[in-house]
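Chemist: You'll find coords_26.csv just under this line, and it carries CSV, C-alpha atoms.
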chain,number,residue,atom,x,y,z
A,934,MET,CA,-28.8,-35.5,-0.5
A,935,TYR,CA,-25.3,-34.1,-1.0
A,936,ARG,CA,-22.5,-36.6,-0.7
A,937,LEU,CA,-19.1,-35.6,0.6
A,938,ASP,CA,-16.5,-35.8,-2.1
A,939,ASP,CA,-12.8,-36.9,-1.4
A,940,ARG,CA,-11.7,-33.3,-0.8
A,941,ASN,CA,-14.5,-32.7,1.8
A,942,ARG,CA,-13.6,-35.9,3.6
A,943,ALA,CA,-9.9,-34.9,3.6
A,944,ILE,CA,-10.8,-31.5,5.0
A,945,GLU,CA,-13.0,-33.1,7.7
A,946,GLU,CA,-10.1,-35.4,8.7
A,947,MET,CA,-7.6,-32.6,8.8
A,948,PHE,CA,-9.7,-30.2,10.9
A,949,SER,CA,-10.7,-33.0,13.3
A,950,ASP,CA,-7.0,-33.8,13.8
A,951,ILE,CA,-6.0,-30.2,14.6
A,952,ALA,CA,-9.2,-29.3,16.6
A,953,PRO,CA,-7.5,-29.6,20.1
A,954,ARG,CA,-4.9,-26.9,19.3
A,955,TYR,CA,-7.0,-24.9,16.8
A,956,ASP,CA,-8.0,-22.0,19.0
A,957,PHE,CA,-4.5,-21.6,20.5
A,958,LEU,CA,-2.8,-21.5,17.1
A,959,ASN,CA,-5.4,-19.0,15.8
A,960,ARG,CA,-4.5,-16.6,18.6
A,961,LEU,CA,-0.8,-17.2,18.2
A,962,LEU,CA,-0.4,-17.1,14.5
A,963,SER,CA,-2.6,-14.0,14.0
A,964,LEU,CA,-1.2,-12.3,17.1
A,965,GLY,CA,-4.7,-12.0,18.4
A,966,ALA,CA,-6.0,-10.1,15.4
A,967,ASP,CA,-8.5,-12.9,14.5
A,968,ARG,CA,-10.8,-11.7,17.3
A,969,ARG,CA,-10.9,-8.2,15.8
A,970,TRP,CA,-11.6,-9.5,12.3
A,971,ARG,CA,-14.5,-11.5,13.6
A,972,ARG,CA,-15.9,-8.4,15.4
A,973,GLU,CA,-15.8,-6.4,12.2
A,974,ALA,CA,-17.6,-9.2,10.2
A,975,VAL,CA,-20.4,-9.6,12.8
A,976,SER,CA,-21.0,-5.9,12.8
A,977,GLU,CA,-22.0,-6.2,9.1
A,978,MET,CA,-24.8,-8.7,9.9
A,979,VAL,CA,-28.4,-7.7,10.4
A,980,PRO,CA,-30.4,-7.0,12.4
A,981,ALA,CA,-28.3,-4.9,14.9
A,982,ALA,CA,-29.9,-6.8,17.8
A,983,GLY,CA,-31.6,-10.2,17.9
A,984,GLY,CA,-32.3,-12.1,14.8
A,985,ARG,CA,-31.6,-15.6,13.4
A,986,HIS,CA,-28.1,-16.2,12.1
A,987,LEU,CA,-26.2,-19.0,10.3
A,988,ASP,CA,-22.5,-19.6,10.8
A,989,VAL,CA,-21.2,-21.9,8.0
A,990,ALA,CA,-18.0,-23.8,8.8
A,991,THR,CA,-18.6,-22.8,12.4
A,992,GLY,CA,-15.6,-24.9,13.6
A,993,THR,CA,-15.0,-24.2,17.3
A,994,ALA,CA,-17.8,-21.6,17.3
A,995,ASP,CA,-15.7,-18.4,17.7
A,996,MET,CA,-17.9,-16.6,15.1
A,997,ALA,CA,-21.1,-18.0,16.6
A,998,LEU,CA,-20.1,-16.7,20.1
A,999,GLU,CA,-19.2,-13.3,18.6
A,1000,ILE,CA,-22.7,-13.1,17.1
A,1001,VAL,CA,-24.2,-13.9,20.5
A,1002,ARG,CA,-22.1,-11.2,22.1
A,1003,GLN,CA,-22.9,-8.5,19.6
A,1004,LYS,CA,-26.6,-9.3,18.9
A,1005,GLY,CA,-27.7,-9.8,22.4
A,1006,PRO,CA,-29.9,-12.2,24.3
A,1007,ALA,CA,-32.6,-12.4,21.6
A,1008,ALA,CA,-30.2,-13.7,18.9
A,1009,ALA,CA,-30.2,-17.3,17.9
A,1010,VAL,CA,-27.3,-18.9,15.9
A,1011,ALA,CA,-27.1,-22.2,14.0
A,1012,GLY,CA,-23.6,-23.5,13.3
A,1013,ALA,CA,-22.9,-25.9,10.5
A,1014,ASP,CA,-19.7,-27.8,9.9
A,1015,ILE,CA,-18.5,-31.2,8.6
A,1016,SER,CA,-16.1,-31.8,11.6
A,1017,VAL,CA,-17.8,-33.3,14.6
A,1018,GLU,CA,-14.7,-32.9,16.7
A,1019,MET,CA,-14.5,-29.1,16.0
A,1020,MET,CA,-18.2,-28.7,16.8
A,1021,ARG,CA,-17.7,-30.7,20.0
A,1022,ILE,CA,-15.2,-28.2,21.2
A,1023,GLY,CA,-17.5,-25.4,20.0
A,1024,ARG,CA,-20.5,-26.7,21.9
A,1025,GLU,CA,-18.5,-26.9,25.1
A,1026,LYS,CA,-17.2,-23.3,24.6
A,1027,CYS,CA,-20.8,-22.2,24.1
A,1028,ARG,CA,-21.9,-24.0,27.3
A,1029,ARG,CA,-19.1,-22.4,29.3
A,1030,ALA,CA,-20.0,-19.0,27.9
A,1031,GLY,CA,-23.7,-19.4,28.9
A,1032,ALA,CA,-24.8,-19.5,25.3
A,1033,GLY,CA,-25.6,-23.2,25.1
A,1034,GLU,CA,-29.3,-22.6,24.6
A,1035,ARG,CA,-28.8,-20.0,21.9
A,1036,VAL,CA,-26.3,-21.8,19.6
A,1037,SER,CA,-27.3,-25.0,17.9
A,1038,PHE,CA,-25.0,-27.2,15.8
A,1039,VAL,CA,-25.6,-29.4,12.7
A,1040,ARG,CA,-23.2,-31.6,10.8
A,1041,ALA,CA,-23.6,-30.4,7.2
A,1042,PRO,CA,-21.3,-29.3,4.3
A,1043,GLY,CA,-21.6,-25.8,3.0
A,1044,GLU,CA,-22.9,-27.1,-0.3
A,1045,ALA,CA,-26.0,-28.7,1.3
A,1046,LEU,CA,-27.4,-26.6,4.1
A,1047,PRO,CA,-30.4,-28.4,5.8
A,1048,PHE,CA,-32.5,-25.2,6.2
A,1049,ARG,CA,-35.5,-23.8,4.4
A,1050,ASP,CA,-35.3,-20.9,2.0
A,1051,GLY,CA,-35.1,-17.5,3.8
A,1052,ALA,CA,-34.7,-19.1,7.3
A,1053,PHE,CA,-32.1,-16.6,8.5
A,1054,ASP,CA,-31.6,-12.8,8.7
A,1055,SER,CA,-27.9,-13.3,8.0
A,1056,ALA,CA,-25.4,-16.0,7.1
A,1057,CYS,CA,-21.6,-15.8,7.6
A,1058,VAL,CA,-18.5,-17.9,7.0
A,1059,ALA,CA,-15.2,-17.0,8.5
A,1060,PHE,CA,-12.0,-18.4,7.1
A,1061,GLY,CA,-14.0,-21.4,5.7
A,1062,ILE,CA,-15.2,-20.6,2.2
A,1063,ARG,CA,-11.7,-21.8,0.9
A,1064,ASN,CA,-12.5,-25.2,2.3
A,1065,VAL,CA,-15.9,-25.7,0.6
A,1066,ALA,CA,-15.2,-28.1,-2.2
A,1067,ASP,CA,-17.8,-26.5,-4.5
A,1068,ARG,CA,-17.5,-22.9,-3.6
A,1069,GLU,CA,-20.1,-21.6,-6.1
A,1070,ARG,CA,-22.7,-24.0,-4.7
A,1071,GLY,CA,-21.8,-23.1,-1.2
A,1072,LEU,CA,-22.4,-19.4,-1.9
A,1073,ARG,CA,-25.7,-20.2,-3.6
A,1074,GLU,CA,-26.8,-22.2,-0.5
A,1075,MET,CA,-25.9,-19.3,1.8
A,1076,CYS,CA,-27.9,-16.9,-0.3
A,1077,ARG,CA,-30.8,-19.3,-0.5
A,1078,VAL,CA,-31.2,-19.6,3.3
A,1079,VAL,CA,-31.1,-15.8,3.9
A,1080,ARG,CA,-34.2,-13.7,3.6
A,1081,PRO,CA,-34.5,-10.9,1.1
A,1082,ASP,CA,-32.6,-7.8,2.2
A,1083,GLY,CA,-30.6,-10.1,4.6
A,1084,ARG,CA,-26.9,-10.2,4.7
A,1085,VAL,CA,-24.3,-12.7,3.5
A,1086,VAL,CA,-20.9,-12.0,5.1
A,1087,VAL,CA,-17.6,-13.7,4.2
A,1088,LEU,CA,-14.3,-13.2,6.1
A,1089,GLU,CA,-11.3,-14.7,4.3
A,1090,PHE,CA,-7.6,-14.4,4.1
A,1091,GLY,CA,-6.1,-12.5,1.2
A,1092,THR,CA,-2.7,-11.7,-0.2
A,1093,PRO,CA,-1.5,-8.2,0.7
A,1094,ARG,CA,-0.2,-6.0,-2.1
A,1095,GLY,CA,3.0,-4.0,-2.1
A,1096,VAL,CA,6.5,-5.1,-2.7
A,1097,PHE,CA,7.9,-4.9,0.9
A,1098,PHE,CA,4.9,-5.9,3.0
A,1099,GLY,CA,3.6,-8.4,0.4
A,1100,THR,CA,7.0,-10.1,0.2
A,1101,LEU,CA,7.4,-10.2,4.0
A,1102,TYR,CA,3.9,-11.6,4.5
A,1103,ARG,CA,4.4,-14.3,1.9
A,1104,PHE,CA,7.6,-15.4,3.6
A,1105,TYR,CA,5.9,-15.6,7.0
A,1106,PHE,CA,2.8,-17.3,5.5
A,1107,THR,CA,4.7,-19.9,3.5
A,1108,ARG,CA,7.9,-20.5,5.5
A,1109,VAL,CA,7.4,-19.5,9.1
A,1110,LEU,CA,3.7,-20.2,9.8
A,1111,PRO,CA,3.8,-23.9,8.8
A,1112,ARG,CA,6.9,-24.5,11.0
A,1113,ILE,CA,5.2,-22.9,14.0
A,1114,GLY,CA,2.0,-24.8,13.4
A,1115,GLY,CA,4.0,-28.0,13.1
A,1116,LEU,CA,5.5,-27.5,16.5
A,1117,PHE,CA,2.0,-27.7,18.2
A,1118,SER,CA,-0.2,-29.5,15.7
A,1119,ARG,CA,-0.3,-31.3,12.3
A,1120,ARG,CA,2.2,-29.5,10.1
A,1121,SER,CA,0.5,-30.5,6.8
A,1122,ALA,CA,-2.6,-28.5,7.9
A,1123,TYR,CA,-0.6,-25.4,8.3
A,1124,ALA,CA,1.1,-26.0,4.9
A,1125,TYR,CA,-2.3,-26.4,3.4
A,1126,LEU,CA,-3.4,-23.0,4.8
A,1127,PRO,CA,-1.0,-20.8,2.7
A,1128,GLU,CA,-1.5,-23.0,-0.4
A,1129,SER,CA,-5.3,-22.5,-0.2
A,1130,VAL,CA,-5.0,-18.8,0.5
A,1131,LEU,CA,-2.6,-18.1,-2.4
A,1132,SER,CA,-4.9,-19.9,-4.8
A,1133,PHE,CA,-8.0,-18.0,-3.6
A,1134,PRO,CA,-9.6,-15.6,-6.1
A,1135,PRO,CA,-8.7,-11.9,-5.9
A,1136,PRO,CA,-11.3,-9.8,-4.1
A,1137,GLN,CA,-13.2,-8.4,-7.1
A,1138,ALA,CA,-13.4,-11.9,-8.7
A,1139,PHE,CA,-14.8,-13.4,-5.4
A,1140,ALA,CA,-17.3,-10.5,-5.0
A,1141,ASP,CA,-18.5,-11.3,-8.6
A,1142,MET,CA,-19.0,-14.9,-7.4
A,1143,MET,CA,-21.1,-13.7,-4.6
A,1144,ARG,CA,-23.2,-11.6,-6.9
A,1145,ALA,CA,-23.7,-14.6,-9.3
A,1146,ALA,CA,-24.8,-16.7,-6.3
A,1147,GLY,CA,-27.6,-14.3,-5.4
A,1148,CYS,CA,-26.3,-11.2,-3.7
A,1149,ALA,CA,-27.7,-8.0,-5.1
A,1150,SER,CA,-24.7,-6.0,-4.0
A,1151,VAL,CA,-21.4,-6.8,-2.3
A,1152,GLU,CA,-19.1,-4.5,-0.4
A,1153,ILE,CA,-15.3,-5.3,-0.2
A,1154,ARG,CA,-13.3,-4.1,2.8
A,1155,PRO,CA,-9.6,-5.1,3.3
A,1156,LEU,CA,-8.5,-5.5,6.9
A,1157,THR,CA,-5.0,-5.3,8.4
A,1158,PHE,CA,-3.3,-4.2,5.1
A,1159,GLY,CA,-5.2,-6.8,3.1
A,1160,ILE,CA,-4.2,-9.8,5.1
A,1161,VAL,CA,-7.9,-10.4,5.5
A,1162,THR,CA,-10.8,-9.3,3.3
A,1163,LEU,CA,-14.3,-8.7,4.5
A,1164,TYR,CA,-17.1,-9.2,2.0
A,1165,ALA,CA,-20.6,-8.0,2.9
A,1166,GLY,CA,-23.4,-8.9,0.5
A,1167,THR,CA,-27.0,-7.9,0.6
A,1168,ARG,CA,-29.4,-10.6,-0.4
In structure tokens, how does this file's structure come out?
Modeler:
Amino acid sequence: MYRLDDRNRAIEEMFSDIAPRYDFLNRLLSLGADRRWRREAVSEMVPAAGGRHLDVATGTADMALEIVRQKGPAAAVAGADISVEMMRIGREKCRRAGAGERVSFVRAPGEALPFRDGAFDSACVAFGIRNVADRERGLREMCRVVRPDGRVVVLEFGTPRGVFFGTLYRFYFTRVLPRIGGLFSRRSAYAYLPESVLSFPPPQAFADMMRAAGCASVEIRPLTFGIVTLYAGTR
């Protein structure tokens, strides 16, 4: 059984603290673009309709609900997260959306998913792979629980290139975003965000990590000038 390390416990505490304002700040700080990014990611998952899907670091279940919306009434989603409070909010959102019977939740870290090999058609993680303490192990677990020819989809923040836009983005991300986040929630959480993003591997290096974890091929697609990168791997 995988034991949470100090970093995982710190992440759990931080996200539980910010859970009540998490969705509001996601919309505010991304200017609503986070919804479009999730739509793009779910469109890469298979099959086109129905299927069994895993949402790692499900949080408040935005990604799980997008899967249900796109994949239709025959789809089933399992959401895994280490924050009980985030999942409590996600469970209530699913109930209000009429998806309570189609989305299930389990408390588990990304490094130790409690599912059998090949249990899912697709697995995804949206803005959560940065927070998995052992990233390589987390990716191996996602690949393990996906069937052959299934999909492993990762949506994660990146660092835009270009002198003007890249500089403007870094100023917003490191100076403005933590201040806005601090007005409504725990400021340290929104200081952690740019720190974790700026230290994340560049796209090609992360795609290589996905291949090493078990993806036969990985496509890389930058979204919104590279603010976010979509990785779609075939198991």
Chemist: When you count only C-alpha atoms, which of these residues is closest to Ala1059 of chain A: A:Ala1145, A:Ala997, A:Ile1015, A:Ala1008?
Modeler: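 That would be A:Ala997, the residue with the smallest distance to Ala1059 of chain A.
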Chemist: Up to 7 Å from (-29.6, -16.2, 2.7) in the file's coordinates: name the residues, counting only C-alpha atoms, as a count of residues only.
Modeler: 14
Chemist: Any idea what's packed within 10 Å of Pro1006 of chain A, counting all atoms listed in the file, ignoring anything in its chain fewer than 5 positions away? Could you give it as a ChimeraX atom specification?
Modeler: /A:982-984,1001,1032,1035
Chemist: Between A:Ala1124, A:Leu958, A:Val1039, A:Ala990, which has the minimum distance to Arg1063 of chain A (counting all atoms listed in the file)?
Modeler: A:Ala990
Chemist: So how many Å separate atom CA of Ala994 of chain A and atom CA of Pro1111 of chain A, to one decimal?
Modeler: 23.3 Å
Chemist: Report, in Å to a single decimal, how far apart atom CA of Leu1046 of chain A and atom CA of Glu1034 of chain A are.
Modeler: 21.0 Å
Chemist: Identify, on the basis of only C-alpha atoms, every residue whose closest approach to segment 967-971 of chain A does not exceed 9 Å; exclude the query and any residue fewer than 6 positions from it along the same chain; express the result as a PyMOL selection string.
Modeler: chain A and resi 959-960+995-996+999+1059+1088+1156-1157+1161+1163
Chemist: What gap, in Å, lies between atom CA of Phe1117 of chain A and atom CA of Arg954 of chain A?
Modeler: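 Between these atoms lies a distance of 7.0 Å.
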Chemist: From the options A:Arg1040, A:Arg1028, A:Arg1073, A:Arg972, which residue's atoms come nearest to Gly1012 of chain A, counting only C-alpha atoms?
Modeler: A:Arg1040
Chemist: Out of A:Val1096, A:Ala966, A:Met1019, A:Ala1138, which residue has the shortest atom-to-atom distance to Gly992 of chain A when counting only C-alpha atoms?
Modeler: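 Smallest distance to Gly992 of chain A is found for A:Met1019.
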Chemist: For each of A:Ser949, A:Leu962, A:Pro1093, A:Arg1144, take the minimum atom-to-atom distance to Arg1112 of chain A, counting all atoms listed in the file, then give the residue where this is smallest.
Modeler: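 Smallest separation from Arg1112 of chain A among the options: A:Leu962.
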Chemist: Have a look at A:Gly965, A:Gly1033, A:Gly1091, A:Pro1042 and name the one nearest to Asp988 of chain A; count all atoms listed in the file.
Modeler: A:Pro1042
Chemist: Kindly add all heavy atoms to the incomplete segment 974-985 of chain A and provide the output as a CSV table (one decimal), in the frame of the given file.
Modeler:
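And here's result-v5.csv as it stands now:
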chain,number,residue,atom,x,y,z
A,974,ALA,N,-16.6,-8.5,11.1
A,974,ALA,CA,-17.6,-9.2,10.2
A,974,ALA,C,-19.0,-9.2,10.8
A,974,ALA,O,-20.0,-9.0,10.1
A,974,ALA,CB,-17.0,-10.6,10.0
A,975,VAL,N,-19.1,-9.5,12.1
A,975,VAL,CA,-20.4,-9.6,12.8
A,975,VAL,C,-21.1,-8.3,12.8
A,975,VAL,O,-22.3,-8.2,12.7
A,975,VAL,CB,-20.2,-10.2,14.2
A,975,VAL,CG1,-21.6,-10.1,14.9
A,975,VAL,CG2,-19.8,-11.6,14.1
A,976,SER,N,-20.3,-7.2,12.8
A,976,SER,CA,-21.0,-5.9,12.8
A,976,SER,C,-21.7,-5.6,11.5
A,976,SER,O,-22.5,-4.7,11.4
A,976,SER,CB,-19.9,-4.8,13.0
A,976,SER,OG,-19.0,-4.6,11.9
A,977,GLU,N,-21.4,-6.4,10.4
A,977,GLU,CA,-22.0,-6.2,9.1
A,977,GLU,C,-23.3,-7.0,9.0
A,977,GLU,O,-24.1,-6.9,8.1
A,977,GLU,CB,-21.1,-6.6,8.0
A,977,GLU,CG,-19.9,-5.8,7.8
A,977,GLU,CD,-20.2,-4.4,7.3
A,977,GLU,OE1,-21.3,-4.2,6.7
A,977,GLU,OE2,-19.3,-3.5,7.4
A,978,MET,N,-23.6,-7.9,10.0
A,978,MET,CA,-24.8,-8.7,9.9
A,978,MET,C,-26.0,-8.0,10.5
A,978,MET,O,-25.9,-7.1,11.3
A,978,MET,CB,-24.5,-10.0,10.7
A,978,MET,CG,-23.3,-10.8,10.2
A,978,MET,SD,-22.8,-12.2,11.2
A,978,MET,CE,-24.2,-13.4,10.9
A,979,VAL,N,-27.2,-8.4,10.0
A,979,VAL,CA,-28.4,-7.7,10.4
A,979,VAL,C,-29.3,-8.8,11.0
A,979,VAL,O,-29.2,-10.0,10.7
A,979,VAL,CB,-29.1,-7.1,9.2
A,979,VAL,CG1,-28.3,-5.9,8.6
A,979,VAL,CG2,-29.4,-8.1,8.1
A,980,PRO,N,-30.2,-8.3,11.9
A,980,PRO,CA,-30.4,-7.0,12.4
A,980,PRO,C,-29.3,-6.6,13.4
A,980,PRO,O,-28.4,-7.4,13.8
A,980,PRO,CB,-31.8,-7.0,13.1
A,980,PRO,CG,-31.9,-8.4,13.5
A,980,PRO,CD,-31.2,-9.3,12.5
A,981,ALA,N,-29.3,-5.4,13.9
A,981,ALA,CA,-28.3,-4.9,14.9
A,981,ALA,C,-28.4,-5.6,16.2
A,981,ALA,O,-27.5,-5.8,16.9
A,981,ALA,CB,-28.5,-3.4,15.1
A,982,ALA,N,-29.6,-6.1,16.5
A,982,ALA,CA,-29.9,-6.8,17.8
A,982,ALA,C,-30.9,-7.9,17.5
A,982,ALA,O,-31.8,-7.8,16.7
A,982,ALA,CB,-30.4,-5.9,18.9
A,983,GLY,N,-30.7,-9.1,18.2
A,983,GLY,CA,-31.6,-10.2,17.9
A,983,GLY,C,-31.3,-10.8,16.6
A,983,GLY,O,-30.3,-10.7,16.0
A,984,GLY,N,-32.4,-11.5,16.1
A,984,GLY,CA,-32.3,-12.1,14.8
A,984,GLY,C,-31.9,-13.6,14.8
A,984,GLY,O,-31.4,-14.1,15.8
A,985,ARG,N,-32.0,-14.2,13.6
A,985,ARG,CA,-31.6,-15.6,13.4
A,985,ARG,C,-30.4,-15.6,12.4
A,985,ARG,O,-30.5,-15.0,11.4
A,985,ARG,CB,-32.8,-16.4,12.8
A,985,ARG,CG,-33.9,-16.7,13.8
A,985,ARG,CD,-35.0,-17.5,13.2
A,985,ARG,NE,-34.6,-18.6,12.5
A,985,ARG,CZ,-34.3,-19.8,13.0
A,985,ARG,NH1,-34.4,-19.9,14.4
A,985,ARG,NH2,-33.9,-20.8,12.3
